[in-house]
>>> print(open('final.pdb').read())   # PDB, C-alpha atoms
ATOM      1  CA  LYS R   1      98.233-171.218  74.942
ATOM      2  CA  ILE R   2     101.980-170.889  75.474
ATOM      3  CA  ARG R   3     102.166-174.107  77.500
ATOM      4  CA  SER R   4     100.305-175.916  74.733
ATOM      5  CA  LEU R   5     103.076-175.000  72.295
ATOM      6  CA  PHE R   6     105.374-177.172  74.411
ATOM      7  CA  GLY R   7     102.918-180.075  74.483
ATOM      8  CA  GLY R   8     100.834-178.901  77.431
ATOM      9  CA  ARG R   9     102.743-180.825  80.121
ATOM     10  CA  LEU R  10     106.012-178.902  80.426
ATOM     11  CA  ARG R  11     106.529-177.656  83.978
ATOM     12  CA  VAL R  12     110.297-177.170  84.302
ATOM     13  CA  GLY R  13     113.081-176.351  81.857
ATOM     14  CA  ILE R  14     116.853-176.010  82.329
ATOM     15  CA  SER R  15     118.811-173.180  80.716
ATOM     16  CA  GLY R  16     122.572-173.022  80.248
ATOM     17  CA  GLY R  17     125.319-172.120  77.825
ATOM     18  CA  ALA R  18     124.434-168.418  77.756
ATOM     19  CA  PRO R  19     122.808-165.957  80.172
ATOM     20  CA  LEU R  20     119.033-166.101  80.444
ATOM     21  CA  SER R  21     117.315-162.733  80.724
ATOM     22  CA  PRO R  22     115.488-162.464  84.079
ATOM     23  CA  GLU R  23     112.565-160.941  82.193
ATOM     24  CA  ILE R  24     112.253-164.075  80.055
ATOM     25  CA  ALA R  25     112.456-166.347  83.105
ATOM     26  CA  GLU R  26     109.798-164.283  84.885
ATOM     27  CA  PHE R  27     107.541-164.341  81.815
ATOM     28  CA  PHE R  28     107.605-168.135  81.543
ATOM     29  CA  HIS R  29     107.161-168.488  85.295
ATOM     30  CA  ALA R  30     104.039-166.342  85.053
ATOM     31  CA  VAL R  31     102.504-168.782  82.547
ATOM     32  CA  GLY R  32     103.362-171.804  84.670
ATOM     33  CA  ILE R  33     106.706-172.868  83.200
ATOM     34  CA  LEU R  34     109.693-172.638  85.547
ATOM     35  CA  ILE R  35     113.024-172.214  83.739
ATOM     36  CA  LEU R  36     115.980-172.935  85.994
ATOM     37  CA  GLU R  37     119.345-171.528  85.012
ATOM     38  CA  GLY R  38     122.545-173.462  85.703
ATOM     39  CA  TYR R  39     126.272-173.015  85.207
ATOM     40  CA  GLY R  40     129.314-175.114  84.524
ATOM     41  CA  LEU R  41     132.201-175.785  82.183
ATOM     42  CA  THR R  42     133.803-178.856  80.654
ATOM     43  CA  GLU R  43     136.424-178.571  83.418
ATOM     44  CA  THR R  44     133.705-178.862  86.088
ATOM     45  CA  SER R  45     132.207-182.037  84.600
ATOM     46  CA  THR R  46     129.562-179.859  82.960
ATOM     47  CA  VAL R  47     127.696-178.501  86.011
ATOM     48  CA  SER R  48     128.775-176.765  89.208
ATOM     49  CA  HIS R  49     125.687-174.663  90.014
ATOM     50  CA  VAL R  50     121.970-174.871  89.312
ATOM     51  CA  ASN R  51     118.715-173.405  90.576
ATOM     52  CA  ARG R  52     116.288-175.903  92.113
ATOM     53  CA  PRO R  53     112.487-176.037  91.726
ATOM     54  CA  GLY R  54     112.027-175.237  95.397
ATOM     55  CA  ARG R  55     114.919-172.820  95.721
ATOM     56  CA  PHE R  56     115.697-170.457  92.885
ATOM     57  CA  THR R  57     116.503-166.827  92.178
ATOM     58  CA  PHE R  58     116.012-165.391  88.700
ATOM     59  CA  GLY R  59     119.095-163.704  87.292
ATOM     60  CA  THR R  60     121.408-166.202  89.004
ATOM     61  CA  VAL R  61     122.712-169.658  88.110
ATOM     62  CA  GLY R  62     121.707-170.995  91.499
ATOM     63  CA  LEU R  63     123.548-172.749  94.301
ATOM     64  CA  PRO R  64     126.591-175.041  94.031
ATOM     65  CA  LEU R  65     126.058-178.776  93.814
ATOM     66  CA  LYS R  66     126.748-180.859  96.903
ATOM     67  CA  GLY R  67     130.485-181.001  97.561
ATOM     68  CA  VAL R  68     131.315-178.049  95.289
ATOM     69  CA  GLU R  69     132.969-174.992  96.810
ATOM     70  CA  CYS R  70     132.800-171.540  95.224
ATOM     71  CA  ARG R  71     134.580-168.338  96.094
ATOM     72  CA  ILE R  72     135.214-165.041  94.357
ATOM     73  CA  ALA R  73     138.815-163.904  93.849
ATOM     74  CA  SER R  74     139.926-160.336  94.519
ATOM     75  CA  ASP R  75     139.558-159.476  90.816
ATOM     76  CA  GLY R  76     136.035-160.936  90.692
ATOM     77  CA  GLU R  77     136.955-164.242  89.028
ATOM     78  CA  ILE R  78     134.874-167.271  90.021
ATOM     79  CA  LEU R  79     136.969-170.023  91.630
ATOM     80  CA  LEU R  80     135.615-173.564  92.020
ATOM     81  CA  ARG R  81     136.797-176.600  93.944
ATOM     82  CA  GLY R  82     135.314-180.067  94.429
ATOM     83  CA  PRO R  83     135.212-183.691  93.273
ATOM     84  CA  ASN R  84     133.803-182.639  89.895
ATOM     85  CA  ILE R  85     136.835-180.531  88.926
ATOM     86  CA  PHE R  86     139.028-181.941  86.152
ATOM     87  CA  LYS R  87     142.467-183.348  86.882
ATOM     88  CA  CYS R  88     144.427-181.804  84.019
ATOM     89  CA  TYR R  89     144.400-180.780  80.372
ATOM     90  CA  PHE R  90     145.590-183.605  78.149
ATOM     91  CA  ARG R  91     149.324-183.219  77.513
ATOM     92  CA  ASP R  92     149.253-179.517  78.404
ATOM     93  CA  PRO R  93     150.838-179.013  81.830
ATOM     94  CA  GLU R  94     151.267-175.258  81.349
ATOM     95  CA  ALA R  95     147.556-174.690  80.697
ATOM     96  CA  THR R  96     146.805-176.921  83.684
ATOM     97  CA  ARG R  97     149.043-174.811  85.953
ATOM     98  CA  GLN R  98     147.285-171.655  84.796
ATOM     99  CA  ALA R  99     143.825-173.057  85.471
ATOM    100  CA  LEU R 100     144.401-175.038  88.688
ATOM    101  CA  ASP R 101     146.231-173.459  91.614
ATOM    102  CA  GLN R 102     148.156-175.329  94.315
ATOM    103  CA  ASP R 103     145.112-175.409  96.604
ATOM    104  CA  GLY R 104     142.969-177.134  93.995
ATOM    105  CA  TRP R 105     140.913-174.096  92.991
ATOM    106  CA  PHE R 106     139.897-174.001  89.343
ATOM    107  CA  HIS R 107     140.104-170.487  87.880
ATOM    108  CA  SER R 108     137.019-170.400  85.654
ATOM    109  CA  GLY R 109     137.765-167.297  83.592
ATOM    110  CA  ASP R 110     134.301-165.984  84.459
ATOM    111  CA  VAL R 111     133.587-162.968  86.643
ATOM    112  CA  GLY R 112     130.691-163.011  89.078
ATOM    113  CA  GLN R 113     129.388-162.464  92.575
ATOM    114  CA  THR R 114     127.562-164.477  95.194
ATOM    115  CA  SER R 115     124.592-163.414  97.279
ATOM    116  CA  PRO R 116     124.548-163.856 101.071
ATOM    117  CA  ALA R 117     122.451-166.992 100.474
ATOM    118  CA  GLY R 118     125.100-168.399  98.099
ATOM    119  CA  PHE R 119     123.368-167.837  94.760
ATOM    120  CA  LEU R 120     125.913-167.175  92.008
ATOM    121  CA  ARG R 121     125.427-164.383  89.483
ATOM    122  CA  ILE R 122     127.635-164.449  86.378
ATOM    123  CA  THR R 123     128.787-161.033  85.195
ATOM    124  CA  GLU R 124     130.985-161.709  82.175
ATOM    125  CA  ARG R 125     133.913-163.662  80.807
ATOM    126  CA  LYS R 126     136.996-162.113  82.390
ATOM    127  CA  LYS R 127     138.689-161.671  79.015
ATOM    128  CA  ASP R 128     135.592-159.943  77.571
ATOM    129  CA  LEU R 129     135.287-157.196  80.189
ATOM    130  CA  ILE R 130     135.549-153.738  78.668
ATOM    131  CA  VAL R 131     137.807-151.262  80.454
ATOM    132  CA  THR R 132     136.991-147.724  79.316
ATOM    133  CA  SER R 133     139.527-144.930  79.011
ATOM    134  CA  GLY R 134     138.313-143.734  82.416
ATOM    135  CA  GLY R 135     139.096-147.113  83.991
ATOM    136  CA  THR R 136     135.483-148.233  84.372
ATOM    137  CA  LYS R 137     134.880-151.965  83.913
ATOM    138  CA  VAL R 138     131.828-152.779  81.813
ATOM    139  CA  ALA R 139     130.290-156.205  81.162
ATOM    140  CA  PRO R 140     129.231-156.114  77.478
ATOM    141  CA  GLN R 141     127.220-159.339  77.446
ATOM    142  CA  ALA R 142     124.628-158.016  79.886
ATOM    143  CA  ILE R 143     124.126-154.916  77.709
ATOM    144  CA  GLU R 144     123.938-157.048  74.553
ATOM    145  CA  ASN R 145     121.292-159.296  76.061
ATOM    146  CA  PHE R 146     119.333-156.248  77.180
ATOM    147  CA  LEU R 147     119.447-154.753  73.669
ATOM    148  CA  LYS R 148     118.273-158.079  72.220
ATOM    149  CA  THR R 149     115.083-157.938  74.254
ATOM    150  CA  ASP R 150     113.934-155.514  71.552
ATOM    151  CA  PRO R 151     112.163-157.662  68.924
ATOM    152  CA  LEU R 152     113.845-155.786  66.065
ATOM    153  CA  ILE R 153     117.383-156.665  67.213
ATOM    154  CA  HIS R 154     118.665-160.180  66.565
ATOM    155  CA  GLN R 155     122.321-159.909  67.567
ATOM    156  CA  ALA R 156     124.432-157.248  69.241
ATOM    157  CA  LEU R 157     128.136-156.763  69.860
ATOM    158  CA  VAL R 158     129.060-153.968  72.276
ATOM    159  CA  MET R 159     132.585-152.513  72.308
ATOM    160  CA  GLY R 160     134.449-149.723  74.037
ATOM    161  CA  ASP R 161     137.807-150.932  75.362
ATOM    162  CA  THR R 162     140.155-147.960  76.027
ATOM    163  CA  ASN R 163     137.511-145.536  74.732
ATOM    164  CA  ASN R 164     135.285-143.142  76.656
ATOM    165  CA  HIS R 165     131.957-144.535  75.442
ATOM    166  CA  LEU R 166     130.386-147.681  74.033
ATOM    167  CA  VAL R 167     129.405-148.492  70.460
ATOM    168  CA  ALA R 168     127.577-151.474  68.998
ATOM    169  CA  LEU R 169     127.226-153.580  65.878
ATOM    170  CA  LEU R 170     123.681-154.857  65.411
ATOM    171  CA  THR R 171     121.930-157.389  63.206
ATOM    172  CA  LEU R 172     118.217-157.330  62.538
ATOM    173  CA  ASN R 173     115.218-159.576  62.939
ATOM    174  CA  GLY R 174     114.263-159.083  59.306
ATOM    175  CA  ASP R 175     110.661-160.279  59.593
ATOM    176  CA  GLN R 176     109.952-157.948  62.494
ATOM    177  CA  VAL R 177     111.517-154.952  60.743
ATOM    178  CA  SER R 178     109.628-155.728  57.503
ATOM    179  CA  GLU R 179     106.340-155.885  59.398
ATOM    180  CA  GLN R 180     107.000-152.495  61.004
ATOM    181  CA  ALA R 181     108.011-151.067  57.629
ATOM    182  CA  ARG R 182     104.848-152.328  55.897
ATOM    183  CA  GLN R 183     102.783-150.370  58.381
ATOM    184  CA  GLU R 184     104.608-147.275  57.099
ATOM    185  CA  GLY R 185     104.176-148.267  53.452
ATOM    186  CA  LEU R 186     107.830-149.273  53.049
ATOM    187  CA  THR R 187     109.383-152.369  51.485
ATOM    188  CA  PHE R 188     112.992-153.420  50.963
ATOM    189  CA  SER R 189     114.621-155.183  48.035
ATOM    190  CA  GLY R 190     116.801-157.230  50.383
ATOM    191  CA  PRO R 191     118.914-157.277  53.567
ATOM    192  CA  GLU R 192     121.400-154.721  52.218
ATOM    193  CA  GLU R 193     118.720-152.094  51.592
ATOM    194  CA  MET R 194     117.043-152.837  54.921
ATOM    195  CA  ALA R 195     120.283-152.430  56.887
ATOM    196  CA  SER R 196     121.207-149.174  55.151
ATOM    197  CA  HIS R 197     117.753-147.565  55.008
ATOM    198  CA  PRO R 198     117.494-144.236  56.915
ATOM    199  CA  TRP R 199     114.054-145.176  58.257
ATOM    200  CA  VAL R 200     115.432-148.355  59.833
ATOM    201  CA  PHE R 201     118.375-146.475  61.341
ATOM    202  CA  ALA R 202     116.049-143.850  62.819
ATOM    203  CA  LEU R 203     113.782-146.566  64.218
ATOM    204  CA  LEU R 204     116.689-148.371  65.892
ATOM    205  CA  LYS R 205     118.088-145.074  67.142
ATOM    206  CA  GLU R 206     114.882-144.349  69.023
ATOM    207  CA  ARG R 207     114.684-147.906  70.365
ATOM    208  CA  ILE R 208     118.253-147.745  71.691
ATOM    209  CA  ARG R 209     117.651-144.300  73.131
ATOM    210  CA  GLN R 210     114.808-145.764  75.188
ATOM    211  CA  LYS R 211     116.977-148.705  76.257
ATOM    212  CA  ASN R 212     119.739-146.336  77.355
ATOM    213  CA  LYS R 213     117.375-144.755  79.875
ATOM    214  CA  GLU R 214     117.409-148.024  81.804
ATOM    215  CA  LEU R 215     121.207-148.347  81.833
ATOM    216  CA  ALA R 216     123.888-146.706  83.941
ATOM    217  CA  PRO R 217     125.559-143.769  82.145
ATOM    218  CA  TYR R 218     128.747-145.750  81.524
ATOM    219  CA  GLU R 219     126.709-148.616  79.998
ATOM    220  CA  THR R 220     124.832-146.565  77.409
ATOM    221  CA  VAL R 221     125.420-147.193  73.700
ATOM    222  CA  ARG R 222     126.238-143.908  72.000
ATOM    223  CA  SER R 223     126.777-145.047  68.407
ATOM    224  CA  PHE R 224     125.791-148.104  66.403
ATOM    225  CA  ARG R 225     125.862-149.608  62.936
ATOM    226  CA  ILE R 226     123.505-152.150  61.377
ATOM    227  CA  LEU R 227     124.968-155.098  59.477
ATOM    228  CA  PRO R 228     123.085-156.670  56.547
ATOM    229  CA  HIS R 229     123.734-160.223  57.745
ATOM    230  CA  ASP R 230     123.950-162.184  60.979
ATOM    231  CA  PHE R 231     127.102-163.259  62.749
ATOM    232  CA  THR R 232     127.464-166.920  61.716
ATOM    233  CA  MET R 233     129.586-170.020  62.244
ATOM    234  CA  GLU R 234     130.301-170.124  58.508
ATOM    235  CA  ARG R 235     131.948-166.733  58.786
ATOM    236  CA  GLU R 236     133.730-167.882  61.974
ATOM    237  CA  GLU R 237     132.052-165.066  63.909
ATOM    238  CA  VAL R 238     130.334-167.328  66.465
ATOM    239  CA  THR R 239     131.323-170.590  68.155
ATOM    240  CA  PRO R 240     129.403-173.884  67.769
ATOM    241  CA  THR R 241     127.498-172.857  70.921
ATOM    242  CA  LEU R 242     126.686-169.503  69.245
ATOM    243  CA  LYS R 243     128.925-167.383  71.459
ATOM    244  CA  LEU R 244     130.366-164.343  69.705
ATOM    245  CA  ARG R 245     134.008-164.483  68.678
ATOM    246  CA  ARG R 246     134.570-160.894  69.682
ATOM    247  CA  GLN R 247     138.095-160.464  68.436
ATOM    248  CA  VAL R 248     137.237-161.964  65.042
ATOM    249  CA  VAL R 249     134.243-159.658  64.602
ATOM    250  CA  MET R 250     136.080-156.561  65.809
ATOM    251  CA  GLU R 251     138.993-157.230  63.480
ATOM    252  CA  ARG R 252     136.670-157.847  60.527
ATOM    253  CA  TYR R 253     134.779-154.610  61.087
ATOM    254  CA  ARG R 254     137.623-152.504  62.475
ATOM    255  CA  ASP R 255     137.136-149.760  59.855
ATOM    256  CA  LEU R 256     133.424-149.503  60.623
ATOM    257  CA  ILE R 257     134.153-149.387  64.351
ATOM    258  CA  ALA R 258     136.840-146.760  63.882
ATOM    259  CA  GLU R 259     134.410-144.669  61.842
ATOM    260  CA  MET R 260     131.931-144.670  64.736
ATOM    261  CA  TYR R 261     134.609-143.296  67.053
ATOM    262  CA  ARG R 262     135.754-140.682  64.533
ATOM    263  CA  ARG R 263     132.312-139.086  64.335
ATOM    264  CA  PRO R 264     132.172-135.766  66.221
ATOM    265  CA  LYS R 265     128.587-136.421  67.371
ATOM    266  CA  PHE R 266     126.915-139.414  68.942
ATOM    267  CA  ASP R 267     124.230-141.280  66.997
ATOM    268  CA  VAL R 268     122.107-141.886  70.078
TER     269      VAL R 268
END
>>> encode(input="final.pdb", output="structure tokens")
Amino acid sequence: KIRSLFGGRLRVGISGGAPLSPEIAEFFHAVGILILEGYGLTETSTVSHVNRPGRFTFGTVGLPLKGVECRIASDGEILLRGPNIFKCYFRDPEATRQALDQDGWFHSGDVGQTSPAGFLRITERKKDLIVTSGGTKVAPQAIENFLKTDPLIHQALVMGDTNNHLVALLTLNGDQVSEQARQEGLTFSGPEEMASHPWVFALLKERIRQKNKELAPYETVRSFRILPHDFTMEREEVTPTLKLRRQVVMERYRDLIAEMYRRPKFDV
């Protein structure tokens, strides 16, 4: 049935641009559709790594292309070198010097690790890593993607830099929440009422509490708030490739975030 939704002949798909949940990849593989995750940037002529049909590992972006070298710097940053690496940024020698070292290694700005077999696993954008007040480094994107595996949660932004615990801003899958609410005899006049309704908050609280059981203690979300609208390009909260503009969102909702940290008790 699922394969028929894609025309009945789809055997292999390629995923890139954002992390693919291993659970999603495993689900599609179980129904006969292999989704292969890859990795690259504009500076690497689009692709540097990709999983192959006969050689893949879910949760990784695969092996480097022929001729591409990859190593991990002491701070975890992914460094790449090869014939596919760009020569320079147009009329920006300073940015070029920052990105390309004297040995020809391109500093990607991404943090990751390689397996003994050479498969690359992306952890986070280096600039997006959260460093808690205790000095622990946390990759928010992995937690966000894990939270979004809940059908009620559409988008998630996890924060916690210089603080001792993590908090999150969430947006809802309105149709899914409405369906759950109807089973309880509840309806909402609109997104504002849905996002602020105590029943919805309690429902999400329990869902996140269950998710937290599968996370390391330093990765658990202890407080959250529900927004009545999605993060959008029109509001300049996501990029054209739908990546969150973290600093924009955190600045826009700084009072709401501060309020979560002022509370004497955790929500979750």
>>> resolve_selection(input="final.pdb", expression="the PyMOL selection byres ((chain R and resi 142-152) around 8)", output="ChimeraX atom specification")
/R:19,21,123-124,139-141,153-158,172-174,176-177,204,207-208,211,219
>>> resolve_selection(input="final.pdb", expression="the PyMOL selection byres ((chain R and resi 230) around 12)", output="number ranges by chain")
R: 153-157, 169-174, 191-192, 195, 226-229, 231-238, 242, 244, 249
>>> closest_residue(input="final.pdb", among="R:Tyr39, R:Phe224, R:Tyr253, R:Tyr218", to="Ile130 (chain R)", atoms="all atoms listed in the file")
R:Tyr218
>>> closest_residue(input="final.pdb", among="R:Glu77, R:Tyr261, R:Gly109, R:Asp175", to="Asn163 (chain R)", atoms="all atoms listed in the file")
R:Tyr261
>>> atom_distance(input="final.pdb", atom1="CA of Val221 (chain R)", atom2="CA of Lys205 (chain R)")
10.1 Å
>>> resolve_selection(input="final.pdb", expression="the PyMOL selection byres ((chain R and resi 134) around 12)", output="list of chain:residue names")
R:Ile130, R:Val131, R:Thr132, R:Ser133, R:Gly135, R:Thr136, R:Lys137, R:Val138, R:Gly160, R:Asp161, R:Thr162, R:Asn163, R:Asn164, R:His165, R:Tyr218
>>> closest_residue(input="final.pdb", among="R:Phe106, R:Phe188, R:Tyr89, R:Phe56", to="Glu69 (chain R)", atoms="all atoms listed in the file")
R:Phe106
>>> axis_aligned_box(input="final.pdb", around="region 152-157 of chain R", padding_each_side="5 Å", output="JSON")
{"center_x": 121.0, "center_y": -158.0, "center_z": 68.0, "size_x": 24.3, "size_y": 14.4, "size_z": 13.8}
>>> atom_distance(input="final.pdb", atom1="CA of Ala181 (chain R)", atom2="CA of Met194 (chain R)")
9.6 Å
>>> closest_residue(input="final.pdb", among="R:Leu166, R:Val248, R:Val31, R:Ile85", to="Asn212 (chain R)", atoms="all atoms listed in the file")
R:Leu166
>>> closest_residue(input="final.pdb", among="R:Pro93, R:Gly8, R:Gly16, R:Gly112", to="Thr46 (chain R)", atoms="all atoms listed in the file")
R:Gly16
>>> residues_around(input="final.pdb", residues="Pro64 (chain R)", least_positions_apart="2", cutoff="8 Å", atoms="all atoms listed in the file", output="PyMOL selection string")
chain R and resi 48-50+62+66-70+118-119
>>> atom_distance(input="final.pdb", atom1="CA of Phe28 (chain R)", atom2="CA of Thr220 (chain R)")
27.9 Å
>>> closest_residue(input="final.pdb", among="R:His107, R:His29, R:Arg55, R:Lys265", to="Ile72 (chain R)", atoms="all atoms listed in the file")
R:His107
